[in-house]
Amino acid sequence: MVTCSVNEQLRITEIFYSLQGETSRVGLPTVFVRLTGCPLRCSYCDTAYAFSGGHNMTIAEILTAVAGHRTHYVTVTGGEPLAQKNSLSLLSALCDAGYEVSLETSGALDVSSVDMRVMKVLDIKTPASGEVTKNLWSNLTALHTHDEIKFVLCDESDYMWAKQVLREHNLAGKYTVLFSPAQDQLSPTVLADWILRDHLTVRLQVQLHKLLWGGQQGK
């Protein structure tokens, strides 16, 4: 477990309260802490505004902001949260404060030091993302049964590639696996048909927050 000081700082793009739009916790009222910065440039990225800017906050200030929303669930996201070394301290501090915490990470950076109490949502990058070479495959050995794996799929080639990864690493037998269609690139209905046709033990994920609020920032 990471030892931290509440005076440690992170660069924050936004902290907001919304419904969880993804993962097995979809629909739950959640506070999102969006960190600034990301070393990847995925073709379908919908949070490019978090690549730069933001403002510095101490962990104590972040905890105060989160507490103001009176919810049990917190998601630390980005950008890529693990690109800031103090994100590990933030995750542990949130767990210590009694929240159920999830981390949305690209899978390109080492997750082995993330607090075990955190639910890691590891995004495995597909060929059409443009960042498939950035996948850090050793991360798969650092996951726990409560962690989840996400594939954002742009086309049928991505789908076939993801199926192969599932088989090679027996992912569906170990973790909750999420298949998510890239918005405006792959029809959710088509993806659903493929999953049913191939009898995959994966969860189709359609981004609830986009159905409710479109691409509105802070939702």
# chains A, B, ... in the order shown; residues from 1 in each chain; ligands from 1
>>> residues_around(residues="region 189-206 of chain A", least_positions_apart="3", cutoff="10 Å", atoms="only C-alpha atoms", output="JSON, numbers by chain")
{"A": [21, 22, 23, 24, 26, 149, 150, 151, 152, 153, 154, 155, 156, 159, 160, 163, 166, 171, 172, 173, 175, 176, 177, 178, 179, 180, 181, 182, 183, 186, 209, 210, 211]}
>>> select_by_dssp(residues="region 141-215 of chain A", states="alpha helix (DSSP H)", output="VMD selection string")
chain A and resid 156 to 169 188 to 198 208 to 213
>>> write_last_selection(atoms="N, CA, C and O atoms", output="compact mmCIF listing (two decimals), in the first residue's frame")
# COMPACT_ATOMS: atom_id res chain seq x y z
N GLU A 156 -14.74 -4.63 -37.55
CA GLU A 156 -14.73 -6.08 -37.40
C GLU A 156 -13.31 -6.61 -37.19
O GLU A 156 -13.10 -7.60 -36.49
N SER A 157 -12.33 -5.95 -37.80
CA SER A 157 -10.95 -6.38 -37.59
C SER A 157 -10.54 -6.24 -36.12
O SER A 157 -9.88 -7.13 -35.57
N ASP A 158 -10.96 -5.15 -35.50
CA ASP A 158 -10.72 -4.97 -34.07
C ASP A 158 -11.39 -6.09 -33.27
O ASP A 158 -10.81 -6.63 -32.31
N TYR A 159 -12.62 -6.40 -33.64
CA TYR A 159 -13.37 -7.44 -32.93
C TYR A 159 -12.66 -8.79 -33.03
O TYR A 159 -12.49 -9.49 -32.01
N MET A 160 -12.21 -9.14 -34.22
CA MET A 160 -11.52 -10.42 -34.40
C MET A 160 -10.21 -10.43 -33.61
O MET A 160 -9.83 -11.46 -33.02
N TRP A 161 -9.51 -9.31 -33.60
CA TRP A 161 -8.28 -9.21 -32.83
C TRP A 161 -8.55 -9.39 -31.34
O TRP A 161 -7.82 -10.11 -30.65
N ALA A 162 -9.61 -8.74 -30.85
CA ALA A 162 -9.95 -8.85 -29.43
C ALA A 162 -10.33 -10.29 -29.07
O ALA A 162 -9.99 -10.78 -27.98
N LYS A 163 -11.03 -10.96 -29.95
CA LYS A 163 -11.37 -12.38 -29.70
C LYS A 163 -10.12 -13.22 -29.54
O LYS A 163 -10.05 -14.11 -28.68
N GLN A 164 -9.13 -12.95 -30.37
CA GLN A 164 -7.88 -13.69 -30.28
C GLN A 164 -7.18 -13.43 -28.95
O GLN A 164 -6.65 -14.36 -28.32
N VAL A 165 -7.16 -12.18 -28.51
CA VAL A 165 -6.56 -11.84 -27.22
C VAL A 165 -7.30 -12.55 -26.08
O VAL A 165 -6.68 -13.07 -25.14
N LEU A 166 -8.63 -12.58 -26.16
CA LEU A 166 -9.42 -13.30 -25.16
C LEU A 166 -8.98 -14.75 -25.04
O LEU A 166 -8.80 -15.27 -23.94
N ARG A 167 -8.84 -15.40 -26.18
CA ARG A 167 -8.47 -16.82 -26.19
C ARG A 167 -7.05 -17.04 -25.68
O ARG A 167 -6.80 -17.92 -24.85
N GLU A 168 -6.13 -16.23 -26.17
CA GLU A 168 -4.72 -16.43 -25.82
C GLU A 168 -4.47 -16.27 -24.32
O GLU A 168 -3.61 -16.96 -23.75
N HIS A 169 -5.20 -15.36 -23.69
CA HIS A 169 -4.96 -15.06 -22.27
C HIS A 169 -6.08 -15.54 -21.36
O HIS A 169 -6.03 -15.28 -20.14
N PRO A 188 -23.59 -0.45 -32.14
CA PRO A 188 -23.77 -1.34 -30.99
C PRO A 188 -24.58 -2.58 -31.35
O PRO A 188 -24.32 -3.66 -30.82
N THR A 189 -25.55 -2.43 -32.25
CA THR A 189 -26.37 -3.57 -32.66
C THR A 189 -25.54 -4.61 -33.40
O THR A 189 -25.67 -5.82 -33.16
N VAL A 190 -24.68 -4.15 -34.27
CA VAL A 190 -23.79 -5.06 -35.00
C VAL A 190 -22.86 -5.78 -34.04
O VAL A 190 -22.67 -7.01 -34.12
N LEU A 191 -22.29 -5.06 -33.10
CA LEU A 191 -21.40 -5.67 -32.12
C LEU A 191 -22.15 -6.70 -31.28
O LEU A 191 -21.64 -7.79 -31.00
N ALA A 192 -23.38 -6.37 -30.90
CA ALA A 192 -24.20 -7.31 -30.13
C ALA A 192 -24.43 -8.60 -30.91
O ALA A 192 -24.35 -9.71 -30.36
N ASP A 193 -24.72 -8.46 -32.19
CA ASP A 193 -24.94 -9.64 -33.03
C ASP A 193 -23.70 -10.51 -33.10
O ASP A 193 -23.78 -11.75 -33.07
N TRP A 194 -22.52 -9.89 -33.21
CA TRP A 194 -21.27 -10.67 -33.27
C TRP A 194 -21.05 -11.43 -31.97
O TRP A 194 -20.66 -12.60 -31.98
N ILE A 195 -21.27 -10.75 -30.84
CA ILE A 195 -21.07 -11.38 -29.53
C ILE A 195 -21.99 -12.58 -29.36
O ILE A 195 -21.57 -13.66 -28.89
N LEU A 196 -23.26 -12.43 -29.76
CA LEU A 196 -24.21 -13.53 -29.65
C LEU A 196 -23.86 -14.66 -30.61
O LEU A 196 -23.92 -15.85 -30.25
N ARG A 197 -23.48 -14.32 -31.83
CA ARG A 197 -23.10 -15.32 -32.82
C ARG A 197 -21.95 -16.19 -32.34
O ARG A 197 -21.94 -17.42 -32.53
N ASP A 198 -20.97 -15.55 -31.68
CA ASP A 198 -19.75 -16.25 -31.29
C ASP A 198 -19.79 -16.76 -29.85
O ASP A 198 -18.79 -17.30 -29.36
N LEU A 208 -23.50 4.94 -21.18
CA LEU A 208 -24.77 5.48 -20.71
C LEU A 208 -24.75 7.00 -20.67
O LEU A 208 -25.74 7.66 -21.03
N HIS A 209 -23.64 7.60 -20.26
CA HIS A 209 -23.59 9.05 -20.13
C HIS A 209 -23.74 9.74 -21.48
O HIS A 209 -24.29 10.86 -21.54
N LYS A 210 -23.30 9.08 -22.55
CA LYS A 210 -23.46 9.69 -23.87
C LYS A 210 -24.90 9.56 -24.36
O LYS A 210 -25.41 10.44 -25.06
N LEU A 211 -25.58 8.48 -23.98
CA LEU A 211 -26.99 8.35 -24.32
C LEU A 211 -27.82 9.41 -23.61
O LEU A 211 -28.80 9.93 -24.17
N LEU A 212 -27.43 9.74 -22.39
CA LEU A 212 -28.20 10.70 -21.59
C LEU A 212 -27.87 12.14 -21.91
O LEU A 212 -28.77 13.00 -21.99
N TRP A 213 -26.56 12.44 -22.09
CA TRP A 213 -26.13 13.83 -22.20
C TRP A 213 -25.28 14.12 -23.43
O TRP A 213 -24.71 15.21 -23.54
>>> closest_residue(among="A:Leu28, A:Leu140, A:Leu10, A:Val33", to="Gly218 (chain A)", atoms="only C-alpha atoms")
A:Val33
>>> residues_around(residues="His69 (chain A)", least_positions_apart="4", cutoff="8 Å", atoms="only C-alpha atoms", output="list in words")
Tyr17, Val31 and Ala65 of chain A
>>> write_last_selection(atoms="N, CA, C and O atoms", output="mmCIF file, in the first residue's frame")
data_model
loop_
_atom_site.group_PDB
_atom_site.id
_atom_site.type_symbol
_atom_site.label_atom_id
_atom_site.label_comp_id
_atom_site.auth_asym_id
_atom_site.auth_seq_id
_atom_site.Cartn_x
_atom_site.Cartn_y
_atom_site.Cartn_z
ATOM 1 N N TYR A 17 -19.776 15.213 -10.647
ATOM 2 C CA TYR A 17 -20.701 14.202 -10.139
ATOM 3 C C TYR A 17 -21.645 13.804 -11.261
ATOM 4 O O TYR A 17 -22.266 14.659 -11.896
ATOM 5 N N VAL A 31 -18.559 10.140 -8.272
ATOM 6 C CA VAL A 31 -17.733 11.326 -8.463
ATOM 7 C C VAL A 31 -16.551 10.927 -9.350
ATOM 8 O O VAL A 31 -15.880 9.921 -9.090
ATOM 9 N N ALA A 65 -13.293 18.107 -2.129
ATOM 10 C CA ALA A 65 -14.191 18.280 -3.269
ATOM 11 C C ALA A 65 -15.046 17.033 -3.485
ATOM 12 O O ALA A 65 -16.249 17.122 -3.759
#
>>> residues_around(residues="Leu63 (chain A)", least_positions_apart="6", cutoff="10 Å", atoms="only C-alpha atoms", output="list in words")
Val6, Met57, Leu90, Ala93, Leu94 and Ala97 of chain A
>>> write_last_selection(atoms="C-alpha atoms", output="CSV table (one decimal), in the first residue's frame")
chain,number,residue,atom,x,y,z
A,6,VAL,CA,-2.4,14.8,1.8
A,57,MET,CA,-4.8,20.5,-6.3
A,90,LEU,CA,-4.6,9.7,-4.4
A,93,ALA,CA,-6.2,8.1,0.1
A,94,LEU,CA,-9.6,7.7,-1.4
A,97,ALA,CA,-11.6,7.6,3.2
>>> select_by_dssp(residues="region 110-157 of chain A", states="strand (DSSP E)", output="PyMOL selection string")
chain A and resi 119-124+148-153
>>> residues_around(residues="Pro39 (chain A)", least_positions_apart="5", cutoff="9 Å", atoms="only C-alpha atoms", output="list in words")
Phe51, Gly79, Glu80, Ala83 and Ala108 of chain A
>>> write_last_selection(atoms="N, CA and C atoms", output="JSON list (two decimals), in the first residue's frame")
[["chain", "number", "residue", "atom", "x", "y", "z"],
["A", 51, "PHE", "N", -5.76, 16.62, -22.22],
["A", 51, "PHE", "CA", -4.34, 16.43, -22.53],
["A", 51, "PHE", "C", -3.46, 17.48, -21.87],
["A", 79, "GLY", "N", -7.69, 11.67, -19.72],
["A", 79, "GLY", "CA", -6.27, 11.42, -19.69],
["A", 79, "GLY", "C", -5.86, 10.01, -19.24],
["A", 80, "GLU", "N", -4.65, 9.93, -18.79],
["A", 80, "GLU", "CA", -4.10, 8.71, -18.21],
["A", 80, "GLU", "C", -3.66, 9.03, -16.79],
["A", 83, "ALA", "N", -0.03, 8.53, -15.40],
["A", 83, "ALA", "CA", 1.06, 9.36, -15.91],
["A", 83, "ALA", "C", 1.53, 10.35, -14.84],
["A", 108, "ALA", "N", -1.18, 1.11, -20.77],
["A", 108, "ALA", "CA", 0.16, 1.35, -21.30],
["A", 108, "ALA", "C", 1.18, 1.57, -20.21]]
>>> closest_residue(among="A:Thr105, A:Cys95, A:Asn7, A:Gly68", to="Cys38 (chain A)", atoms="only C-alpha atoms")
A:Thr105
